[in-house]
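Q: For reference, the file work37.txt (compact mmCIF, C-alpha atoms and all ligand atoms) is included below:
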# COMPACT_ATOMS: atom_id res chain seq x y z
CA MET N 1239 1.49 10.83 16.61
CA ILE N 1240 -1.86 10.42 14.91
CA ARG N 1241 -2.54 6.88 13.76
CA THR N 1242 -5.90 5.50 12.68
CA GLU N 1243 -7.11 2.21 11.23
CA LEU N 1244 -6.42 3.65 7.76
CA CYS N 1245 -2.68 3.48 8.54
CA ASP N 1246 -2.99 -0.26 9.20
CA LEU N 1247 -5.30 -0.88 6.24
CA LEU N 1248 -2.88 0.72 3.77
CA GLY N 1249 0.46 0.24 5.52
CA ILE N 1250 1.17 3.97 5.75
CA LYS N 1251 2.47 6.23 8.52
CA TYR N 1252 -0.08 9.08 8.30
CA PRO N 1253 -3.79 8.74 7.40
CA ILE N 1254 -3.49 11.09 4.42
CA ILE N 1255 -4.26 10.05 0.84
CA GLN N 1256 -3.30 12.24 -2.09
CA GLY N 1257 -6.14 12.69 -4.58
CA GLY N 1258 -5.50 10.95 -7.92
CA MET N 1259 -5.70 13.91 -10.29
CA ALA N 1260 -5.38 13.48 -14.06
CA TRP N 1261 -2.32 15.30 -15.52
CA VAL N 1262 -1.38 16.32 -11.96
CA SER N 1263 -0.67 13.22 -9.87
CA THR N 1264 2.24 11.81 -11.81
CA ALA N 1265 5.11 9.63 -10.60
CA GLU N 1266 7.10 12.51 -9.07
CA LEU N 1267 4.30 13.69 -6.75
CA VAL N 1268 3.04 10.18 -5.97
CA ALA N 1269 6.49 8.94 -4.96
CA ALA N 1270 7.09 12.05 -2.83
CA VAL N 1271 3.81 11.66 -0.94
CA SER N 1272 4.32 7.94 -0.32
CA GLU N 1273 7.94 8.47 0.69
CA ALA N 1274 6.75 11.13 3.18
CA GLY N 1275 4.43 8.64 4.89
CA GLY N 1276 1.13 9.37 3.12
CA MET N 1277 -0.45 7.44 0.27
CA GLY N 1278 0.48 8.78 -3.16
CA VAL N 1279 -2.04 7.99 -5.90
CA ILE N 1280 -1.45 8.13 -9.66
CA GLY N 1281 -4.19 10.00 -11.54
CA SER N 1282 -4.72 7.84 -14.61
CA GLY N 1283 -7.55 10.03 -15.98
CA GLN N 1284 -8.07 9.15 -19.64
CA ALA N 1285 -4.47 8.03 -20.16
CA PRO N 1286 -3.74 4.84 -22.14
CA PRO N 1287 -2.48 1.76 -20.24
CA GLU N 1288 1.12 2.18 -21.50
CA TRP N 1289 1.34 5.54 -19.74
CA LEU N 1290 0.29 3.94 -16.48
CA GLU N 1291 2.88 1.18 -16.85
CA GLU N 1292 5.63 3.80 -17.27
CA GLN N 1293 4.46 5.71 -14.22
CA VAL N 1294 4.36 2.58 -12.06
CA ALA N 1295 7.88 1.62 -13.13
CA LYS N 1296 9.14 5.15 -12.41
CA ILE N 1297 7.63 5.24 -8.91
CA ARG N 1298 9.21 1.89 -8.10
CA THR N 1299 12.64 3.34 -8.90
CA ILE N 1300 12.06 6.16 -6.36
CA THR N 1301 10.26 4.49 -3.46
CA ASP N 1302 9.40 1.07 -2.11
CA LYS N 1303 6.48 2.47 -0.10
CA PRO N 1304 2.89 1.59 -1.06
CA PHE N 1305 1.07 3.76 -3.59
CA GLY N 1306 -2.25 3.69 -5.40
CA VAL N 1307 -3.83 4.26 -8.79
CA ASN N 1308 -6.97 6.29 -9.33
CA VAL N 1309 -9.14 4.95 -12.12
CA MET N 1310 -11.49 7.45 -13.72
CA LEU N 1311 -14.35 5.16 -14.65
CA MET N 1312 -15.53 7.28 -17.59
CA SER N 1313 -12.18 6.76 -19.32
CA PRO N 1314 -12.34 4.73 -22.53
CA TYR N 1315 -9.32 2.85 -21.15
CA ALA N 1316 -10.81 1.98 -17.74
CA ASP N 1317 -10.92 -1.80 -18.47
CA GLN N 1318 -7.31 -1.89 -19.67
CA VAL N 1319 -6.10 0.31 -16.82
CA MET N 1320 -7.73 -2.07 -14.33
CA GLU N 1321 -5.92 -4.98 -16.00
CA ILE N 1322 -2.57 -3.22 -15.48
CA VAL N 1323 -3.49 -2.54 -11.84
CA ALA N 1324 -4.20 -6.23 -11.27
CA ARG N 1325 -1.14 -7.44 -13.21
CA GLU N 1326 1.20 -5.02 -11.40
CA ARG N 1327 -0.32 -5.93 -8.02
CA ILE N 1328 -0.92 -2.26 -7.19
CA PRO N 1329 -1.71 -2.13 -3.45
CA VAL N 1330 -4.65 0.30 -3.68
CA VAL N 1331 -7.15 1.48 -6.26
CA THR N 1332 -9.31 4.53 -5.79
CA THR N 1333 -12.06 5.18 -8.31
CA GLY N 1334 -13.98 8.23 -9.47
CA ALA N 1335 -16.88 9.21 -11.72
CA GLY N 1336 -18.75 5.91 -11.56
CA ASN N 1337 -19.43 2.56 -9.94
CA PRO N 1338 -16.43 0.18 -9.92
CA GLY N 1339 -18.61 -2.88 -9.04
CA LYS N 1340 -17.69 -5.06 -12.04
CA TYR N 1341 -13.94 -4.81 -11.28
CA ILE N 1342 -14.12 -5.65 -7.57
CA PRO N 1343 -13.91 -9.51 -7.68
CA LYS N 1344 -10.73 -9.48 -9.79
CA LEU N 1345 -9.07 -6.76 -7.69
CA LYS N 1346 -9.88 -8.59 -4.46
CA GLU N 1347 -8.50 -11.80 -5.95
CA VAL N 1348 -5.07 -10.19 -6.46
CA GLY N 1349 -5.14 -8.46 -3.07
CA THR N 1350 -5.65 -4.88 -4.27
CA LYS N 1351 -7.57 -2.71 -1.82
CA VAL N 1352 -10.52 -0.99 -3.48
CA ILE N 1353 -11.57 2.46 -2.27
CA PRO N 1354 -14.21 4.21 -4.41
CA VAL N 1355 -15.16 7.85 -4.17
CA VAL N 1356 -18.82 8.10 -3.22
CA PRO N 1357 -20.75 11.35 -3.58
CA SER N 1358 -23.84 10.00 -1.77
CA VAL N 1359 -25.05 7.75 1.04
CA ALA N 1360 -26.83 5.46 -1.45
CA LEU N 1361 -23.64 4.72 -3.39
CA ALA N 1362 -21.69 4.22 -0.14
CA LYS N 1363 -24.15 1.50 0.93
CA ARG N 1364 -24.05 -0.15 -2.48
CA MET N 1365 -20.24 -0.13 -2.45
CA GLU N 1366 -20.09 -1.69 1.01
CA ARG N 1367 -22.33 -4.52 -0.23
CA SER N 1368 -19.97 -5.03 -3.20
CA GLY N 1369 -17.12 -5.70 -0.79
CA VAL N 1370 -14.93 -2.59 -1.02
CA ASP N 1371 -12.35 -1.99 1.72
CA ALA N 1372 -13.25 1.65 2.49
CA VAL N 1373 -14.99 4.59 0.84
CA ILE N 1374 -13.97 8.17 0.21
CA ALA N 1375 -16.92 10.48 0.97
CA GLU N 1376 -16.15 13.46 -1.22
CA GLY N 1377 -18.03 16.73 -0.95
CA GLY N 1378 -18.60 19.38 -3.59
CA GLU N 1379 -15.90 21.64 -2.15
CA SER N 1380 -13.48 19.45 -4.14
CA GLY N 1381 -11.96 20.33 -7.45
CA GLY N 1382 -12.87 18.48 -10.63
CA HIS N 1383 -15.99 16.37 -11.11
CA ILE N 1384 -18.25 16.63 -8.06
CA GLY N 1385 -21.53 15.37 -6.66
CA GLU N 1386 -24.34 17.36 -5.02
CA GLN N 1387 -23.49 16.99 -1.32
CA ASN N 1388 -20.95 18.90 0.72
CA THR N 1389 -18.36 17.34 3.01
CA MET N 1390 -19.73 18.44 6.40
CA PRO N 1391 -23.14 16.75 6.00
CA LEU N 1392 -22.00 13.91 3.70
CA VAL N 1393 -19.25 12.38 5.85
CA PRO N 1394 -21.28 11.76 9.05
CA GLN N 1395 -24.25 10.46 7.05
CA VAL N 1396 -22.00 7.93 5.32
CA VAL N 1397 -20.26 7.05 8.62
CA ASP N 1398 -23.68 6.33 10.15
CA VAL N 1399 -24.70 3.74 7.59
CA VAL N 1400 -21.59 1.75 6.70
CA ASN N 1401 -19.32 -0.51 8.75
CA ILE N 1402 -16.23 0.03 6.64
CA PRO N 1403 -13.74 2.89 7.12
CA VAL N 1404 -14.75 6.27 5.68
CA ILE N 1405 -12.20 8.76 4.36
CA ALA N 1406 -13.24 12.41 4.08
CA ALA N 1407 -12.47 14.56 1.04
CA GLY N 1408 -13.41 18.01 -0.19
CA GLY N 1409 -12.43 21.27 1.47
CA ILE N 1410 -9.66 19.83 3.63
CA PHE N 1411 -6.42 21.79 3.64
CA ASP N 1412 -4.58 21.75 6.97
CA GLY N 1413 -4.59 20.42 10.52
CA ARG N 1414 -7.92 22.12 11.18
CA GLY N 1415 -9.70 20.36 8.33
CA PHE N 1416 -7.97 17.09 9.23
CA VAL N 1417 -9.20 17.20 12.85
CA ALA N 1418 -12.68 18.22 11.64
CA ALA N 1419 -12.74 15.14 9.39
CA LEU N 1420 -11.81 12.87 12.31
CA ALA N 1421 -14.52 14.57 14.41
CA LEU N 1422 -17.06 13.70 11.69
CA GLY N 1423 -16.10 10.04 12.05
CA ALA N 1424 -13.62 9.70 9.20
CA VAL N 1425 -10.46 7.60 9.63
CA GLY N 1426 -8.42 9.87 7.42
CA VAL N 1427 -8.49 12.38 4.61
CA GLN N 1428 -7.95 12.60 0.89
CA MET N 1429 -6.53 15.88 -0.34
CA GLY N 1430 -6.04 16.91 -3.94
CA THR N 1431 -5.74 20.68 -4.27
CA ARG N 1432 -3.28 21.02 -1.39
CA PHE N 1433 -0.90 18.66 -3.18
CA MET N 1434 -1.10 20.72 -6.39
CA SER N 1435 1.03 23.20 -4.46
CA ALA N 1436 3.74 20.61 -3.76
CA SER N 1437 7.12 21.38 -5.27
CA GLU N 1438 7.22 17.84 -6.71
CA CYS N 1439 3.92 18.38 -8.55
CA VAL N 1440 4.71 18.77 -12.26
CA ILE N 1441 1.76 20.99 -13.29
CA HIS N 1442 2.60 24.11 -15.30
CA ASP N 1443 3.85 27.04 -13.24
CA ASN N 1444 0.96 29.20 -14.53
CA VAL N 1445 -1.44 26.92 -12.62
CA LYS N 1446 0.64 27.14 -9.45
CA GLN N 1447 0.59 30.94 -9.78
CA SER N 1448 -3.22 30.88 -10.22
CA LEU N 1449 -3.51 28.84 -7.02
CA LEU N 1450 -1.23 31.23 -5.12
CA LYS N 1451 -3.38 34.16 -6.29
CA ALA N 1452 -6.76 32.51 -5.72
CA LYS N 1453 -9.19 33.90 -3.15
CA ASP N 1454 -12.14 32.23 -1.45
CA ARG N 1455 -14.64 32.95 -4.26
CA ASP N 1456 -12.39 32.17 -7.21
CA THR N 1457 -13.66 28.65 -7.93
CA VAL N 1458 -16.99 27.98 -9.64
CA VAL N 1459 -18.96 24.91 -10.64
CA SER N 1460 -19.05 24.74 -14.40
CA GLY N 1461 -20.99 22.54 -16.81
CA ARG N 1462 -23.99 21.63 -14.63
CA SER N 1463 -26.18 21.34 -17.74
CA THR N 1464 -23.95 18.55 -19.10
CA GLY N 1465 -24.67 16.31 -16.10
CA HIS N 1466 -20.95 16.33 -15.26
CA PRO N 1467 -20.38 19.42 -13.14
CA VAL N 1468 -16.75 20.32 -12.41
CA ARG N 1469 -15.29 22.76 -9.89
CA VAL N 1470 -12.62 24.89 -11.52
CA ILE N 1471 -10.89 28.22 -11.10
CA LYS N 1472 -12.97 30.95 -12.78
CA ASN N 1473 -11.54 32.12 -16.12
CA LYS N 1474 -12.41 32.99 -19.70
CA LEU N 1475 -13.44 29.36 -20.37
CA THR N 1476 -15.94 29.28 -17.47
CA LYS N 1477 -17.38 32.61 -18.64
CA ARG N 1478 -17.82 31.23 -22.17
CA PHE N 1479 -19.51 28.10 -20.73
CA GLU N 1480 -21.89 30.26 -18.70
CA GLU N 1481 -22.85 32.27 -21.78
CA LEU N 1482 -23.44 29.13 -23.83
CA GLU N 1483 -25.45 27.48 -21.02
CA SER N 1484 -27.66 30.58 -20.76
CA LEU N 1485 -28.36 30.17 -24.49
CA ASN N 1486 -29.44 26.55 -23.86
CA THR N 1487 -26.58 25.13 -25.91
CA PRO N 1488 -26.99 21.34 -26.20
CA ALA N 1489 -24.99 19.31 -23.65
CA GLU N 1490 -23.14 17.38 -26.38
CA GLU N 1491 -21.79 20.61 -27.81
CA LEU N 1492 -20.59 21.77 -24.40
CA GLU N 1493 -19.01 18.37 -23.68
CA LYS N 1494 -17.16 18.61 -26.98
CA MET N 1495 -15.88 22.04 -26.01
CA GLY N 1496 -14.43 20.61 -22.80
CA VAL N 1497 -12.29 17.97 -24.54
CA GLY N 1498 -8.56 18.49 -23.96
CA LYS N 1499 -9.10 21.50 -21.68
CA LEU N 1500 -7.69 19.90 -18.52
CA ARG N 1501 -4.45 19.04 -20.30
CA ALA N 1502 -4.34 22.55 -21.81
CA ALA N 1503 -4.34 24.01 -18.30
CA MET N 1504 -2.20 21.56 -16.36
CA VAL N 1505 0.43 20.72 -19.00
CA ASP N 1506 0.45 23.71 -21.38
CA GLY N 1507 -0.35 26.35 -18.75
CA ASP N 1508 -3.38 27.82 -20.50
CA VAL N 1509 -5.06 29.25 -17.42
CA ASP N 1510 -7.40 31.45 -19.54
CA TYR N 1511 -9.02 28.88 -21.81
CA GLY N 1512 -8.02 25.67 -20.03
CA SER N 1513 -9.96 23.82 -17.32
CA VAL N 1514 -8.13 24.66 -14.08
CA MET N 1515 -9.75 22.02 -11.85
CA ALA N 1516 -9.16 22.91 -8.20
CA GLY N 1517 -11.14 22.93 -4.97
CA GLN N 1518 -12.45 25.67 -2.72
CA VAL N 1519 -9.30 25.47 -0.57
CA SER N 1520 -7.40 27.09 -3.47
CA GLY N 1521 -7.83 30.36 -1.57
CA MET N 1522 -5.75 28.92 1.29
CA ILE N 1523 -2.65 28.14 -0.79
CA LYS N 1524 0.10 30.58 0.17
CA GLU N 1525 3.31 28.75 -0.75
CA ILE N 1526 4.89 26.00 -2.81
CA GLN N 1527 6.54 23.46 -0.50
CA PRO N 1528 7.76 19.84 -0.60
CA ALA N 1529 5.08 17.16 -0.09
CA LYS N 1530 6.90 16.06 3.06
CA ASP N 1531 6.54 19.55 4.59
CA ILE N 1532 2.84 19.64 3.64
CA ILE N 1533 2.16 16.33 5.37
CA GLU N 1534 4.22 17.13 8.46
CA GLU N 1535 2.60 20.56 8.79
CA ILE N 1536 -0.89 19.02 8.69
CA ILE N 1537 -0.05 16.38 11.31
CA LYS N 1538 1.73 18.84 13.59
CA GLY N 1539 -1.15 21.32 13.23
CA ALA N 1540 -3.67 18.58 14.03
CA GLU N 1541 -1.76 17.47 17.13
CA GLU N 1542 -1.67 21.05 18.43
CA ILE N 1543 -5.40 21.51 17.83
CA ILE N 1544 -6.25 18.26 19.61
CA LYS N 1545 -4.21 19.41 22.63
CA ARG N 1546 -5.95 22.80 22.71
CA LEU N 1547 -9.53 21.59 22.18
CA PRO N 1548 -11.86 22.09 25.17
CA GLN N 1549 -11.82 18.88 27.18
CA GLY N 1550 -15.17 17.27 27.92
CA ARG N 1551 -15.51 16.49 31.64
O1 LIG Q 1 -13.74 11.79 -10.25
C1 LIG Q 1 -13.55 12.77 -9.55
N1 LIG Q 1 -13.04 13.91 -10.03
C2 LIG Q 1 -12.75 14.13 -11.34
S1 LIG Q 1 -12.92 13.01 -12.62
C3 LIG Q 1 -12.43 14.15 -13.70
S2 LIG Q 1 -12.35 13.84 -15.39
C4 LIG Q 1 -13.91 14.28 -15.85
N2 LIG Q 1 -14.05 15.42 -16.48
C5 LIG Q 1 -15.27 15.83 -16.90
C6 LIG Q 1 -16.39 15.09 -16.63
C7 LIG Q 1 -16.27 13.96 -15.92
C8 LIG Q 1 -15.02 13.52 -15.52
C9 LIG Q 1 -12.16 15.31 -13.09
N3 LIG Q 1 -12.33 15.27 -11.77
N4 LIG Q 1 -13.85 12.75 -8.23
C10 LIG Q 1 -14.48 11.63 -7.66
C11 LIG Q 1 -15.93 11.66 -7.91
N5 LIG Q 1 -16.61 10.62 -8.20
N6 LIG Q 1 -16.70 12.74 -7.86
C12 LIG Q 1 -17.98 12.32 -8.12
C13 LIG Q 1 -17.89 10.97 -8.34
C14 LIG Q 1 -18.93 10.03 -8.64
C15 LIG Q 1 -20.06 10.39 -9.35
C16 LIG Q 1 -21.03 9.42 -9.62
C17 LIG Q 1 -18.76 8.73 -8.21
C18 LIG Q 1 -19.72 7.78 -8.48
C19 LIG Q 1 -20.83 8.14 -9.17
O2 LIG Q 1 -21.71 7.13 -9.37
C20 LIG Q 1 -22.71 7.19 -10.32
C21 LIG Q 1 -23.21 5.80 -10.47
O3 LIG Q 1 -22.82 5.18 -11.47
O4 LIG Q 1 -23.88 5.32 -9.56
Represent the structure from my file as structure tokens, please.

A:
Amino acid sequence: MIRTELCDLLGIKYPIIQGGMAWVSTAELVAAVSEAGGMGVIGSGQAPPEWLEEQVAKIRTITDKPFGVNVMLMSPYADQVMEIVARERIPVVTTGAGNPGKYIPKLKEVGTKVIPVVPSVALAKRMERSGVDAVIAEGGESGGHIGEQNTMPLVPQVVDVVNIPVIAAGGIFDGRGFVAALALGAVGVQMGTRFMSASECVIHDNVKQSLLKAKDRDTVVSGRSTGHPVRVIKNKLTKRFEELESLNTPAEELEKMGVGKLRAAMVDGDVDYGSVMAGQVSGMIKEIQPAKDIIEEIIKGAEEIIKRLPQGR
């Protein structure tokens, strides 16, 4: 049985957090992950606060286990979403795409644990000083909006400079990646893409089929020129972006083109012209299985690896 201080910090059985993905991490998946002993996290993306309230209520009808909310800090609703989080006494908030500093005092006051995603050592240090409970060091192997560093060098550099728990994310898929993360000094992992293949995940079947078909080189980083690079599965949209970037199309025009594309993929199943955000581990997805099986397979795999590892004498 693998337990780490993350289990105690969050009140969960296994040190596995599900990435809070917009249009992907809805009540069904979140409840399934939490019920299975991990930490399910709602992806609030750019959703209005009423949507979040509905999701929270729905989860509470399915499970009494703890769950979290991911707040995408570039959302126009971020302030209102944070108010809901505080009012509903959500146990954990993860944040992405920005610095959650201004929200921390209020969240601490109501007892919500705050765990920001940090793409760099500098932000990790700043977040520790602001009083967060842990950080998620996320490498560019991840799907969606990414920073410049990769997981293997980022995690130990963050571990070396902070005294709070560090969770590893980006490129982690199974027991092998999980043990590697612990070896780098992390107390647990956050996984997004792997949970897109959960049977409880409500994304359109076209996206699940794209994941099942994906090979190692099928994700690309798109939109670097906009300042908000995203890792997605290669398709007609990424090709169009590349062409427009090579013609020096202004960033604002490209940003405009991206509006609504994540929903188009995840909800409507437009895998040609939608933004199919997914990480480099997409190439490892071979089946659709319940979240509980995913979590148990990772833990069992990790335990076997730890037993087999060469013993230092
Ligand atoms: O946030 C994510 N992944 C996401 S957000 C998203 S929606 C979106 N779509 C297009 C453009 C922008 C957002 C899709 N996927 N992961 C966590 C993450 N956070 N990755 C990188 C960061 C990050 C970047 C800069 C965190 C903090 C940060 O700080 C800058 C600052 O203000 O210091």

Q: Rank nothing, just name the residue among N:Asp1456, N:Asp1412, N:Glu1491, N:Glu1376 nearest to ligand LIG 1 (chain Q), using all atoms listed in the file.

A: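 Closest to ligand LIG 1 (chain Q) of all the choices is N:Glu1376.
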
Q: Please, which residues in chain N fall within 6 Å of ligand LIG 1 (chain Q) when counting only C-alpha atoms and all ligand atoms, and what is the closest atom pair and distance in Å to one decimal for each, ordered by chain then residue number, as a Markdown table?

A:
| residue | atom | partner | partner_atom | distance |
| --- | --- | --- | --- | --- |
| N:Met1310 | CA | Q:LIG1 | S1 | 5.8 |
| N:Gly1334 | CA | Q:LIG1 | O1 | 3.7 |
| N:Ala1335 | CA | Q:LIG1 | C14 | 3.8 |
| N:Gly1336 | CA | Q:LIG1 | C18 | 3.7 |
| N:Asn1337 | CA | Q:LIG1 | O3 | 4.5 |
| N:Val1355 | CA | Q:LIG1 | N5 | 5.1 |
| N:Val1356 | CA | Q:LIG1 | C17 | 5.0 |
| N:Pro1357 | CA | Q:LIG1 | C12 | 5.4 |
| N:Gly1382 | CA | Q:LIG1 | N3 | 3.4 |
| N:His1383 | CA | Q:LIG1 | N3 | 3.9 |
| N:Ile1384 | CA | Q:LIG1 | N6 | 4.2 |
| N:Gly1385 | CA | Q:LIG1 | C12 | 4.9 |
| N:His1466 | CA | Q:LIG1 | C6 | 4.9 |

Q: What is the distance between atom CA of Ser1263 of chain N and atom CA of Glu1480 of chain N, in Å to one decimal?

A: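 Going from atom CA of Ser1263 of chain N over to atom CA of Glu1480 of chain N covers 28.6 Å.
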
Q: For a cut-off of 12 Å around (14.0, 5.7, -5.8), file coordinates, pick out all residues using all atoms listed in the file and list them as a PyMOL selection string.

A: chain N and resi 1265-1266+1268-1270+1272-1273+1294-1303

Q: Find the residues near Ile1255 of chain N: any atom within 8 Å, counting all atoms listed in the file, skip ones fewer than 6 places away on the same chain, and give them as JSON, numbers by chain.

A: {"N": [1276, 1277, 1278, 1279, 1426, 1427, 1428, 1429]}
